[in-house]
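What follows is the content of work_20.cif, which has mmCIF, C-alpha atoms:
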data_entry
#
loop_
_atom_site.label_atom_id
_atom_site.label_comp_id
_atom_site.auth_asym_id
_atom_site.auth_seq_id
_atom_site.Cartn_x
_atom_site.Cartn_y
_atom_site.Cartn_z
CA MET L 632 0.00 0.00 0.00
CA ILE L 633 1.33 3.42 -0.89
CA GLY L 634 -0.58 5.18 1.85
CA ALA L 635 -0.83 8.92 2.28
CA ALA L 636 1.29 9.67 -0.77
CA PHE L 637 -1.12 7.86 -3.05
CA GLY L 638 -2.92 11.02 -4.17
CA VAL L 639 0.30 12.66 -5.26
CA VAL L 640 1.55 9.55 -7.02
CA LEU L 641 -1.74 9.12 -8.84
CA ALA L 642 -1.83 12.77 -9.92
CA ARG L 643 1.68 12.54 -11.29
CA ALA L 644 0.89 9.34 -13.13
CA GLN L 645 -2.20 10.93 -14.60
CA ALA L 646 -0.02 13.81 -15.77
CA GLY L 647 2.19 11.35 -17.63
CA ASP L 648 4.97 10.73 -15.13
CA GLU L 649 6.34 7.31 -15.95
CA ALA L 650 8.11 6.89 -12.62
CA ALA L 651 4.87 7.51 -10.75
CA PHE L 652 3.12 4.95 -12.87
CA ALA L 653 5.93 2.46 -12.18
CA ARG L 654 5.39 2.99 -8.47
CA LEU L 655 1.71 2.19 -8.85
CA PHE L 656 2.59 -0.87 -10.87
CA ARG L 657 5.11 -2.22 -8.38
CA ASP L 658 2.69 -1.72 -5.55
CA VAL L 659 -0.24 -3.55 -7.12
CA GLN L 660 1.24 -6.04 -9.56
CA PRO L 661 2.35 -8.77 -7.08
CA GLY L 662 -1.08 -8.95 -5.49
CA LEU L 663 -2.74 -8.81 -8.88
CA LEU L 664 -0.71 -11.74 -10.19
CA ARG L 665 -1.36 -13.78 -7.04
CA TYR L 666 -5.08 -13.13 -7.26
CA LEU L 667 -5.16 -14.04 -10.94
CA ARG L 668 -3.15 -17.23 -10.37
CA VAL L 669 -5.93 -18.42 -8.11
CA ILE L 670 -8.81 -17.67 -10.48
CA THR L 671 -7.40 -18.23 -13.99
CA PRO L 672 -4.69 -20.30 -15.68
CA GLU L 673 -3.73 -17.34 -17.91
CA ALA L 674 -2.65 -15.07 -15.09
CA GLU L 675 0.16 -13.25 -16.92
CA ASP L 676 -1.90 -12.57 -20.05
CA VAL L 677 -4.86 -11.35 -18.04
CA ALA L 678 -2.59 -9.11 -15.96
CA SER L 679 -1.20 -7.61 -19.16
CA ASP L 680 -4.70 -6.92 -20.46
CA THR L 681 -5.66 -5.43 -17.13
CA TRP L 682 -2.79 -2.96 -17.13
CA LEU L 683 -3.53 -1.95 -20.70
CA GLN L 684 -7.05 -1.05 -19.67
CA VAL L 685 -5.82 0.71 -16.55
CA VAL L 686 -3.42 2.80 -18.61
CA THR L 687 -6.20 3.71 -21.00
CA GLY L 688 -8.56 4.83 -18.25
CA LEU L 689 -6.08 6.19 -15.77
CA THR L 690 -6.60 9.84 -16.59
CA GLY L 691 -10.32 9.53 -15.94
CA PHE L 692 -9.98 7.80 -12.57
CA GLN L 693 -10.90 9.68 -9.41
CA GLY L 694 -10.63 8.23 -5.93
CA GLN L 695 -8.38 7.08 -3.14
CA GLU L 696 -6.09 4.10 -2.97
CA GLU L 697 -8.72 1.60 -1.97
CA ALA L 698 -10.99 2.72 -4.78
CA PHE L 699 -8.08 2.43 -7.19
CA ARG L 700 -7.42 -1.13 -6.08
CA ALA L 701 -11.08 -2.02 -6.30
CA TRP L 702 -11.22 -0.57 -9.81
CA LEU L 703 -8.11 -2.44 -10.93
CA PHE L 704 -9.14 -5.78 -9.46
CA THR L 705 -12.61 -5.41 -10.95
CA ILE L 706 -11.02 -4.96 -14.36
CA ALA L 707 -8.84 -8.00 -13.72
CA ARG L 708 -11.84 -10.07 -12.71
CA HIS L 709 -13.70 -9.14 -15.89
CA ARG L 710 -10.70 -9.88 -18.08
CA ALA L 711 -10.29 -13.25 -16.35
CA ALA L 712 -13.91 -14.02 -17.11
CA ASP L 713 -13.32 -13.05 -20.75
CA ALA L 714 -10.30 -15.32 -20.86
CA GLY L 715 -12.36 -18.15 -19.41
CA ARG L 716 -15.06 -17.68 -22.06
CA SER L 717 -12.44 -17.58 -24.78
CA ARG L 718 -10.87 -20.73 -23.42
CA ALA L 719 -14.24 -22.47 -23.37
CA ARG L 720 -14.82 -21.59 -27.03
CA ARG L 721 -11.52 -23.04 -28.13
CA PRO L 722 -11.58 -26.71 -29.17
CA ALA L 723 -10.31 -29.02 -26.51
CA VAL L 724 -6.70 -29.97 -26.98
CA PRO L 725 -5.82 -33.44 -25.78
CA PHE L 726 -3.12 -33.55 -23.14
CA ALA L 727 -3.50 -29.86 -22.32
CA VAL L 728 -0.06 -29.61 -20.83
CA SER L 729 0.07 -25.85 -21.16
CA GLU L 730 -2.91 -25.20 -18.91
CA THR L 731 -2.03 -27.67 -16.23
CA ALA L 732 1.49 -26.32 -16.16
CA GLU L 733 0.15 -22.84 -15.38
CA LEU L 734 -1.87 -23.96 -12.39
CA PRO L 735 -0.04 -24.04 -9.09
CA PRO L 736 0.44 -27.60 -7.95
CA ALA L 737 -1.37 -28.63 -4.82
CA PRO L 738 1.05 -28.46 -1.93
CA ASP L 739 1.89 -31.56 -0.02
CA THR L 740 2.84 -31.86 3.62
CA ALA L 741 6.52 -31.40 3.00
CA ASP L 742 5.95 -28.25 0.98
CA LEU L 743 3.86 -26.70 3.67
CA ALA L 744 6.20 -27.74 6.45
CA LEU L 745 9.37 -26.56 4.77
CA ASP L 746 7.98 -23.59 2.94
CA ALA L 747 5.30 -22.50 5.31
CA ILE L 748 5.76 -18.81 4.77
CA SER L 749 6.09 -18.85 1.00
CA ALA L 750 3.47 -16.90 -0.89
CA ARG L 751 3.62 -19.47 -3.65
CA ALA L 752 2.77 -22.29 -1.26
CA MET L 753 -0.09 -20.25 0.16
CA ILE L 754 -1.45 -19.59 -3.31
CA ALA L 755 -1.33 -23.31 -4.01
CA LEU L 756 -3.13 -24.00 -0.77
CA ILE L 757 -5.81 -21.38 -1.38
CA ALA L 758 -6.34 -22.73 -4.89
CA THR L 759 -7.61 -25.93 -3.31
CA LEU L 760 -10.52 -24.05 -1.74
CA PRO L 761 -13.87 -23.70 -3.48
CA ARG L 762 -13.71 -20.96 -6.08
CA ASP L 763 -15.83 -18.39 -4.24
CA GLN L 764 -13.97 -18.88 -0.98
CA ALA L 765 -10.57 -18.63 -2.64
CA GLU L 766 -11.57 -15.46 -4.47
CA VAL L 767 -12.92 -13.79 -1.37
CA VAL L 768 -9.77 -14.59 0.60
CA MET L 769 -7.54 -13.21 -2.13
CA LEU L 770 -9.57 -10.04 -2.52
CA ARG L 771 -9.63 -9.44 1.22
CA VAL L 772 -6.00 -10.33 1.96
CA VAL L 773 -4.05 -9.67 -1.23
CA ALA L 774 -6.01 -6.82 -2.71
CA GLY L 775 -6.69 -5.36 0.72
CA LEU L 776 -10.34 -4.61 -0.06
CA GLU L 777 -13.05 -4.11 2.51
CA VAL L 778 -16.00 -6.44 2.80
CA ALA L 779 -18.33 -3.96 1.09
CA ASP L 780 -16.04 -3.60 -1.93
CA VAL L 781 -15.63 -7.35 -2.25
CA ALA L 782 -19.39 -7.77 -2.00
CA LYS L 783 -19.89 -5.34 -4.87
CA MET L 784 -17.32 -7.13 -6.97
CA VAL L 785 -18.60 -10.65 -6.52
CA GLY L 786 -22.28 -9.72 -6.43
CA LYS L 787 -23.03 -10.93 -2.91
CA SER L 788 -24.21 -9.27 0.27
CA PRO L 789 -21.55 -8.15 2.73
CA GLY L 790 -22.81 -10.70 5.23
CA ALA L 791 -22.44 -13.50 2.71
CA VAL L 792 -18.93 -12.36 1.88
CA ARG L 793 -18.01 -12.33 5.54
CA VAL L 794 -19.38 -15.84 6.11
CA THR L 795 -17.59 -17.10 3.01
CA ALA L 796 -14.30 -15.63 4.20
CA HIS L 797 -14.67 -17.19 7.63
CA ARG L 798 -15.38 -20.59 6.13
CA ALA L 799 -12.36 -20.28 3.93
CA LEU L 800 -10.07 -19.48 6.83
CA ARG L 801 -11.45 -22.35 8.90
CA ARG L 802 -10.88 -24.69 6.02
CA LEU L 803 -7.35 -23.39 5.57
CA ALA L 804 -6.69 -23.92 9.26
CA GLY L 805 -7.88 -27.49 8.87
CA HIS L 806 -5.52 -28.00 5.94
CA LEU L 807 -2.62 -26.65 7.95
CA GLU L 808 -3.45 -28.84 10.89
CA ARG L 809 -3.66 -31.96 8.74
CA ALA L 810 -0.42 -31.02 6.99
CA GLY L 811 1.34 -30.86 10.32
CA VAL L 812 2.25 -27.23 10.13
CA THR L 813 0.22 -26.53 13.22
CA PRO L 814 1.31 -28.76 16.10
CA MET F 1438 -23.70 -29.98 3.38
CA SER F 1439 -22.14 -32.36 5.80
CA ALA F 1440 -18.88 -30.47 5.77
CA PRO F 1441 -17.76 -29.01 9.05
CA ASP F 1442 -18.14 -25.48 7.71
CA ALA F 1443 -21.94 -25.67 7.35
CA SER F 1444 -23.43 -23.42 9.98
CA PRO F 1445 -26.28 -24.55 12.28
CA HIS F 1446 -28.48 -21.80 10.81
CA GLU F 1447 -28.27 -23.41 7.39
CA MET F 1448 -29.12 -26.87 8.68
CA PRO F 1449 -31.35 -26.30 11.67
CA GLY F 1450 -32.67 -29.84 11.83
CA PHE F 1451 -29.29 -31.52 11.90
CA PRO F 1452 -26.87 -31.75 14.77
CA THR F 1453 -23.69 -29.85 13.99
CA PRO F 1454 -20.51 -31.75 14.75
CA SER F 1455 -18.21 -30.04 17.14
CA ARG F 1456 -15.43 -28.08 15.56
CA PRO F 1457 -12.45 -26.39 17.11
CA GLY F 1458 -13.31 -22.85 17.89
CA GLY F 1459 -16.80 -23.08 16.43
CA GLU F 1460 -18.57 -19.75 15.91
CA HIS F 1461 -16.48 -18.13 18.63
CA ASP F 1462 -13.50 -17.61 16.36
CA GLU F 1463 -15.17 -15.00 14.20
CA PRO F 1464 -13.63 -11.99 15.97
CA LEU F 1465 -10.22 -13.58 15.56
CA LEU F 1466 -10.83 -14.26 11.89
CA ASP F 1467 -11.94 -10.68 11.37
CA MET F 1468 -8.79 -9.47 13.08
CA ILE F 1469 -6.68 -11.60 10.77
CA PHE F 1470 -8.47 -10.24 7.72
CA ASP F 1471 -8.10 -6.68 8.91
CA GLY F 1472 -4.39 -7.15 9.52
CA ARG F 1473 -4.63 -6.52 13.25
CA ALA F 1474 -2.54 -8.49 15.73
CA ILE F 1475 -4.46 -11.27 17.41
CA PRO F 1476 -4.14 -11.83 21.19
CA PRO F 1477 -1.20 -13.98 22.28
CA ASP F 1478 -3.51 -16.44 23.96
CA ALA F 1479 -5.33 -17.19 20.73
CA PRO F 1480 -5.15 -20.79 19.43
CA GLN F 1481 -1.98 -21.72 17.65
CA GLU F 1482 -3.81 -22.36 14.39
CA MET F 1483 -4.92 -18.74 14.36
CA HIS F 1484 -1.34 -17.61 14.75
CA ASP F 1485 -0.31 -19.83 11.86
CA LEU F 1486 -3.10 -18.47 9.73
CA GLU F 1487 -2.08 -14.92 10.54
CA ARG F 1488 1.51 -15.62 9.62
CA MET F 1489 0.63 -17.30 6.34
CA LEU F 1490 -1.82 -14.65 5.24
CA ALA F 1491 0.79 -12.01 6.01
CA ALA F 1492 3.16 -13.88 3.72
CA LEU F 1493 0.47 -13.97 1.09
CA ALA F 1494 0.24 -10.18 1.12
CA GLY F 1495 4.00 -9.79 1.32
CA PRO F 1496 6.41 -8.08 -1.02
CA ALA F 1497 7.02 -9.11 -4.59
CA GLU F 1498 8.75 -12.37 -5.25
CA PRO F 1499 11.18 -12.90 -8.13
CA GLY F 1500 9.40 -12.84 -11.48
CA GLU F 1501 6.30 -11.08 -10.30
CA LEU F 1502 7.43 -7.74 -11.69
CA ALA F 1503 8.50 -9.17 -15.02
CA GLY F 1504 5.76 -7.32 -16.87
CA GLU F 1505 6.88 -3.89 -15.72
CA ALA F 1506 8.75 -3.02 -18.90
CA ALA F 1507 5.76 -3.83 -21.08
CA ALA F 1508 3.40 -1.92 -18.83
CA ARG F 1509 5.67 1.14 -18.81
CA ALA F 1510 5.93 1.01 -22.60
CA ALA F 1511 2.15 0.89 -22.82
CA PHE F 1512 1.92 3.80 -20.44
CA VAL F 1513 4.38 5.84 -22.50
CA ARG F 1514 2.57 5.00 -25.69
CA LEU F 1515 -1.01 5.47 -24.55
CA ALA F 1516 -1.16 7.80 -21.59
CA SER F 1517 1.87 10.01 -21.53
CA PRO F 1518 1.35 13.58 -22.81
CA ALA F 1519 4.74 13.26 -24.45
CA SER F 1520 3.20 10.90 -26.95
CA ILE F 1521 0.97 13.67 -28.24
CA SER F 1522 3.48 16.48 -27.88
CA PRO F 1523 5.68 17.71 -30.74
CA ALA F 1524 8.47 15.60 -29.29
CA ALA F 1525 6.56 12.59 -30.48
CA SER F 1526 7.44 13.47 -34.03
CA TRP F 1527 10.99 12.39 -33.39
CA PRO F 1528 11.85 9.14 -35.11
CA ALA F 1529 12.71 7.40 -31.85
CA ALA F 1530 9.41 8.41 -30.31
CA ARG F 1531 7.60 7.18 -33.37
CA GLN F 1532 9.36 3.86 -33.14
CA ALA F 1533 8.38 3.58 -29.50
CA ALA F 1534 4.80 4.44 -30.28
CA ARG F 1535 4.58 1.83 -32.99
CA ARG F 1536 6.16 -0.92 -30.96
CA PRO F 1537 3.54 -3.50 -29.97
CA VAL F 1538 3.20 -3.83 -26.24
CA SER F 1539 1.14 -6.94 -26.04
CA ARG F 1540 0.13 -9.54 -28.53
CA ARG F 1541 -3.45 -9.19 -27.30
CA GLU F 1542 -3.71 -5.48 -27.89
CA PRO F 1543 -6.62 -4.83 -30.25
CA ARG F 1544 -5.64 -3.62 -33.69
CA ARG F 1545 -7.05 -0.37 -34.94
CA ARG F 1546 -8.27 -0.28 -38.47
CA PRO F 1547 -7.33 2.80 -40.43
CA ALA F 1548 -10.17 5.15 -41.28
CA ARG F 1549 -9.33 4.94 -44.97
CA ARG F 1550 -10.02 1.24 -45.06
CA ARG F 1551 -13.30 1.72 -43.24
CA ALA F 1552 -14.37 4.41 -45.72
CA GLY F 1553 -13.53 2.16 -48.65
CA ARG F 1554 -15.54 -0.65 -47.14
CA ALA F 1555 -18.53 1.65 -46.64
CA ALA F 1556 -18.32 2.87 -50.25
CA ALA F 1557 -18.24 -0.70 -51.52
CA LEU F 1558 -21.29 -1.55 -49.43
CA CYS F 1559 -23.17 1.48 -50.79
CA ALA F 1560 -22.30 0.57 -54.37
CA ALA F 1561 -23.46 -3.02 -53.86
CA ALA F 1562 -26.72 -1.81 -52.37
CA ALA F 1563 -27.29 0.57 -55.31
CA VAL F 1564 -26.71 -2.22 -57.83
CA LEU F 1565 -29.14 -4.48 -56.00
CA VAL F 1566 -31.86 -1.84 -55.84
CA SER F 1567 -31.41 -0.92 -59.51
CA THR F 1568 -31.64 -4.54 -60.58
CA ALA F 1569 -34.77 -5.08 -58.54
CA ALA F 1570 -36.35 -1.97 -60.00
CA ALA F 1571 -35.44 -3.08 -63.52
CA TYR F 1572 -37.07 -6.44 -63.04
CA ALA F 1573 -40.11 -4.75 -61.55
CA GLY F 1574 -40.34 -2.60 -64.64
CA VAL F 1575 -40.59 0.70 -62.84
CA LEU F 1576 -37.57 2.39 -64.34
CA PRO F 1577 -37.87 5.18 -66.92
CA GLU F 1578 -38.25 3.94 -70.44
CA PRO F 1579 -34.69 4.42 -71.75
CA ILE F 1580 -33.14 2.95 -68.67
CA GLN F 1581 -35.61 0.10 -68.69
CA GLN F 1582 -34.73 -0.57 -72.32
CA MET F 1583 -31.06 -0.64 -71.44
CA ALA F 1584 -31.74 -3.02 -68.57
CA HIS F 1585 -33.79 -5.15 -70.95
CA VAL F 1586 -30.85 -5.41 -73.31
CA THR F 1587 -28.13 -5.87 -70.71
CA VAL F 1588 -29.59 -7.96 -67.91
CA GLY F 1589 -32.72 -9.37 -69.50
CA ALA F 1590 -35.16 -7.25 -67.56
CA PRO F 1591 -38.65 -6.78 -68.99
CA ALA F 1592 -38.93 -4.48 -71.96
CA PRO F 1593 -40.35 -1.03 -71.34
CA ARG F 1594 -44.06 -0.59 -71.86
CA HIS F 1595 -45.20 1.38 -74.84
CA HIS F 1596 -48.15 3.26 -73.51
CA GLY F 1597 -49.23 4.63 -76.87
CA SER F 1598 -50.17 1.23 -78.30
CA SER F 1599 -52.99 0.46 -75.93
CA ALA F 1600 -56.15 0.36 -77.95
CA SER F 1601 -58.61 0.02 -75.16
CA ALA F 1602 -57.53 3.04 -73.22
CA GLY F 1603 -56.71 5.15 -76.21
CA SER F 1604 -53.33 6.31 -77.25
CA GLY F 1605 -51.78 9.00 -75.22
CA SER F 1606 -54.31 8.65 -72.44
CA ARG F 1607 -53.05 9.79 -69.08
CA ARG F 1608 -54.83 6.86 -67.51
CA ASP F 1609 -52.18 4.59 -68.97
CA ALA F 1610 -49.35 6.38 -67.30
CA PRO F 1611 -48.30 4.51 -64.19
CA GLY F 1612 -49.04 6.56 -61.17
CA PRO F 1613 -46.85 6.90 -58.17
CA ALA F 1614 -48.68 4.04 -56.50
CA GLY F 1615 -47.64 1.58 -59.17
CA PRO F 1616 -49.08 0.18 -62.36
CA ARG F 1617 -52.72 0.89 -63.03
CA THR F 1618 -53.58 -2.66 -63.86
CA GLY F 1619 -53.80 -3.62 -60.26
CA ARG F 1620 -51.34 -6.44 -60.61
CA SER F 1621 -48.29 -6.53 -58.51
CA ALA F 1622 -45.00 -5.56 -59.98
CA ALA F 1623 -43.78 -9.12 -59.79
CA ALA F 1624 -46.90 -10.41 -61.53
CA ALA F 1625 -46.37 -7.96 -64.36
CA TRP F 1626 -43.32 -9.89 -65.36
CA SER F 1627 -43.86 -13.21 -67.10
CA PRO F 1628 -41.40 -15.23 -69.14
CA GLY F 1629 -43.42 -14.71 -72.27
CA ARG F 1630 -42.96 -10.95 -72.10
CA ALA F 1631 -39.26 -11.28 -72.39
CA HIS F 1632 -39.74 -12.52 -75.91
CA GLY F 1633 -41.89 -9.68 -77.06
CA ALA F 1634 -45.28 -10.93 -75.94
CA PRO F 1635 -47.71 -8.16 -75.17
CA PRO F 1636 -48.80 -7.42 -71.65
CA ARG F 1637 -51.89 -9.08 -70.32
CA ASP F 1638 -53.95 -5.91 -70.22
CA GLU F 1639 -53.68 -5.12 -73.93
CA PRO F 1640 -56.69 -6.85 -75.49
CA ALA F 1641 -56.21 -5.07 -78.82
CA ARG F 1642 -53.11 -7.13 -79.50
CA ILE F 1643 -54.89 -10.43 -79.07
CA PRO F 1644 -55.29 -11.99 -82.43
CA ALA F 1645 -58.81 -11.77 -83.68
CA ARG F 1646 -60.62 -15.01 -83.43
CA PRO F 1647 -63.60 -15.79 -85.61
CA ALA F 1648 -66.78 -15.80 -83.67
CA PRO F 1649 -68.00 -19.30 -83.17
CA ARG F 1650 -71.03 -20.34 -84.98
CA CYS F 1651 -73.64 -21.32 -82.55
CA LYS F 1652 -76.39 -23.62 -83.19
CA PRO F 1653 -79.48 -23.28 -81.10
CA GLY F 1654 -79.18 -25.55 -78.14
CA ALA F 1655 -75.51 -26.12 -78.56
CA ARG F 1656 -73.36 -26.11 -75.41
CA GLY F 1657 -70.97 -23.60 -76.69
CA TYR F 1658 -67.65 -23.12 -78.28
CA GLN F 1659 -64.78 -25.09 -76.95
CA GLY F 1660 -61.59 -23.69 -78.13
CA HIS F 1661 -58.36 -25.57 -78.06
CA PRO F 1662 -55.98 -24.25 -75.46
CA GLY F 1663 -53.19 -24.36 -77.93
CA ALA F 1664 -54.98 -21.89 -80.12
CA THR F 1665 -54.64 -19.10 -77.59
CA PRO F 1666 -51.46 -17.51 -76.41
CA GLY F 1667 -50.08 -19.14 -73.30
CA TRP F 1668 -50.00 -15.88 -71.36
CA ILE F 1669 -53.80 -15.55 -71.52
CA LEU F 1670 -54.68 -18.84 -69.96
CA PRO F 1671 -52.94 -19.98 -66.86
CA GLY F 1672 -53.77 -23.63 -67.45
CA PRO F 1673 -54.88 -25.97 -70.14
CA GLN F 1674 -58.60 -25.51 -69.44
CA PRO F 1675 -60.59 -25.06 -72.61
CA ILE F 1676 -62.29 -21.81 -73.24
CA VAL F 1677 -66.00 -22.16 -72.93
CA ALA F 1678 -67.98 -19.43 -74.63
CA SER F 1679 -71.67 -19.60 -74.39
CA CYS F 1680 -73.89 -18.61 -77.20
CA PRO F 1681 -75.86 -15.43 -76.94
CA GLY F 1682 -79.05 -17.40 -77.01
CA ASP F 1683 -78.10 -19.47 -74.05
CA PRO F 1684 -79.77 -17.92 -71.08
CA GLY F 1685 -78.26 -18.02 -67.65
CA LYS F 1686 -74.69 -18.30 -68.77
CA ALA F 1687 -72.38 -15.42 -68.59
CA PRO F 1688 -70.25 -14.99 -71.64
CA HIS F 1689 -66.55 -15.76 -71.24
CA ALA F 1690 -64.84 -14.40 -74.24
CA PRO F 1691 -61.12 -14.38 -74.72
CA SER F 1692 -61.34 -10.73 -75.48
CA ALA F 1693 -62.63 -9.97 -72.01
CA SER F 1694 -60.21 -8.70 -69.51
CA PRO F 1695 -58.44 -11.77 -68.14
CA SER F 1696 -57.52 -10.21 -64.90
CA ALA F 1697 -59.79 -9.08 -62.18
CA GLY F 1698 -57.91 -5.89 -61.85
CA GLY F 1699 -58.28 -4.85 -65.45
CA ARG F 1700 -61.25 -2.64 -64.90
#

If you convert what's in this file into structure tokens, what do you get?
Amino acid sequence: MIGAAFGVVLARAQAGDEAAFARLFRDVQPGLLRYLRVITPEAEDVASDTWLQVVTGLTGFQGQEEAFRAWLFTIARHRAADAGRSRARRPAVPFAVSETAELPPAPDTADLALDAISARAMIALIATLPRDQAEVVMLRVVAGLEVADVAKMVGKSPGAVRVTAHRALRRLAGHLERAGVTP
Amino acid sequence: MSAPDASPHEMPGFPTPSRPGGEHDEPLLDMIFDGRAIPPDAPQEMHDLERMLAALAGPAEPGELAGEAAARAAFVRLASPASISPAASWPAARQAARRPVSRREPRRRPARRRAGRAAALCAAAAVLVSTAAAYAGVLPEPIQQMAHVTVGAPAPRHHGSSASAGSGSRRDAPGPAGPRTGRSAAAAWSPGRAHGAPPRDEPARIPARPAPRCKPGARGYQGHPGATPGWILPGPQPIVASCPGDPGKAPHAPSASPSAGGR
């Protein structure tokens, strides 16, 4: 999170300052990629499309940092849905090695025990959750969005989002316990 | 719904198996989501969750900023004011502006190509409409004649040759609502007319037929269908003309108007 300087950074980026835009990019891109890796196999392509659309609409954006993140992750979610539709229209390729290679492999006990604080291992663990739970966790934790913003994005009530997030965390705790990470 | 995360409110009639923490862990879960420190006496699993979610929101790992160069190039090309300033006319700036940023970037069609496509569409539409009008026979006489010669459209009508309506009569001129005969434009065209056959509403051009000799009490004249032009009779039914002395039978003469609209 950029914090209090976000307004200045955004204004400079809107004025065409490339360094300010790079700061925005470095701040958001890791979380964006992690979120996309959970919801789509084409995370890098969708992230590229997302930034293209952000660059196009950046001068018209008004709001604070949280609104900026909500806007960017909403774009990413829509582009991921587009990519999913495009993937569904394509004829099925036997032995789709490319898609399975993009998905994070499910972590085993050794991974979680040895690499317990790796973001990659956490992404793999969260990817084992049901889709709605995984998405809510990523939007709340990685994107840093409030419950109300997540509810608007996913089309649920704030209460439903909160319940979904709690279920996801309980399930994650169960995974950790079974994996032996938690004694 | 037998999973341990189904709440008792969703399944009121079923006993909920005991789970560690139960519904009492919600404040702790909210604290983890909000990034606040949980109490030290919280269960160990909550501490592990907090630590792992903090790692999930941690700084960039190697490779996660690999797309920065492409994003900056897109920013320079699309959003920077420098790209629309006079400095953009420099060759290097032009090269940078033309460089593709992403293989998925939508291509923009030049306006010239779009204009050419629109002109071609208009021309095709004009040709279609003209051809339809030629086959309907509603074009002016010289143009209709030209269409008759070139594309085989019906020949233009010569209004002056109509004997029944009188030559030069304004009633023969087709009005703005279409031909006066009452037939549709499509019905006005028949294959026989392409070979010089007269239109159906010109009784003066029908070859004169000798009046049948009627004997008293005879049924009537039965003409052979082959003796009449094919465009008068739609089918091979014989023409039955009753004798004037035959009461109760309306005369059906070939010279009568064959169409109901020929009034």

Go through chain L and flag each residue having an atom no more than 7 Å from chain F; for those, report the closest pair of atoms plus their distance in Å to one decimal, using all atoms listed in the file, ordered by chain and rising number, as a Markdown table.
| residue | atom | partner | partner_atom | distance |
| --- | --- | --- | --- | --- |
| L:Gly647 | CA | F:Ser1517 | CA | 4.1 |
| L:Glu649 | CA | F:Arg1509 | CA | 6.8 |
| L:Ala653 | CA | F:Arg1509 | CA | 6.8 |
| L:Arg657 | CA | F:Leu1502 | CA | 6.8 |
| L:Gln660 | CA | F:Leu1502 | CA | 6.8 |
| L:Pro661 | CA | F:Ala1497 | CA | 5.3 |
| L:Gly662 | CA | F:Ala1494 | CA | 6.9 |
| L:Trp682 | CA | F:Ala1508 | CA | 6.5 |
| L:Leu683 | CA | F:Ala1511 | CA | 6.7 |
| L:Val686 | CA | F:Phe1512 | CA | 5.7 |
| L:Thr687 | CA | F:Ala1516 | CA | 6.5 |
| L:Ile748 | CA | F:Met1489 | CA | 5.6 |
| L:Ser749 | CA | F:Ala1492 | CA | 6.4 |
| L:Ala750 | CA | F:Leu1493 | CA | 4.6 |
| L:Met753 | CA | F:Leu1493 | CA | 6.4 |
| L:Arg771 | CA | F:Phe1470 | CA | 6.7 |
| L:Val772 | CA | F:Phe1470 | CA | 6.3 |
| L:Val773 | CA | F:Ala1494 | CA | 4.9 |
| L:His797 | CA | F:Leu1466 | CA | 6.4 |
| L:Arg798 | CA | F:Asp1442 | CA | 5.8 |
| L:Ala804 | CA | F:Glu1482 | CA | 6.1 |
| L:Thr813 | CA | F:Glu1482 | CA | 5.9 |

Residue with smallest distance to Arg802 of chain L - pool L:Leu756, L:Ala651, L:Met769, L:Val677, counting only C-alpha atoms
L:Leu756

Could you check which of L:Met784, L:Val792, L:Ala650, L:Val639 is closest to Gly694 of chain L, using only C-alpha atoms?
L:Val639

So which residues get picked by the PyMOL selection byres ((chain L and resi 708-722) around 8) here, written as a list in words?
Leu667, Ile670, Thr671, Glu673, Ala674, Val677, Asp680, Thr681, Phe704, Thr705, Ile706, Ala707, Ala723 and Val724 of chain L

Name the residues that the PyMOL selection byres ((chain F and resi 1574) around 8) pulls out of this structure, and write them as a ChimeraX atom specification.
/F:1570-1573,1575-1576,1581,1590-1593,1622,1626

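Coordinates place atom CA of Ala1563 of chain F at a distance of 14.4 Å from atom CA of Ala1584 of chain F.
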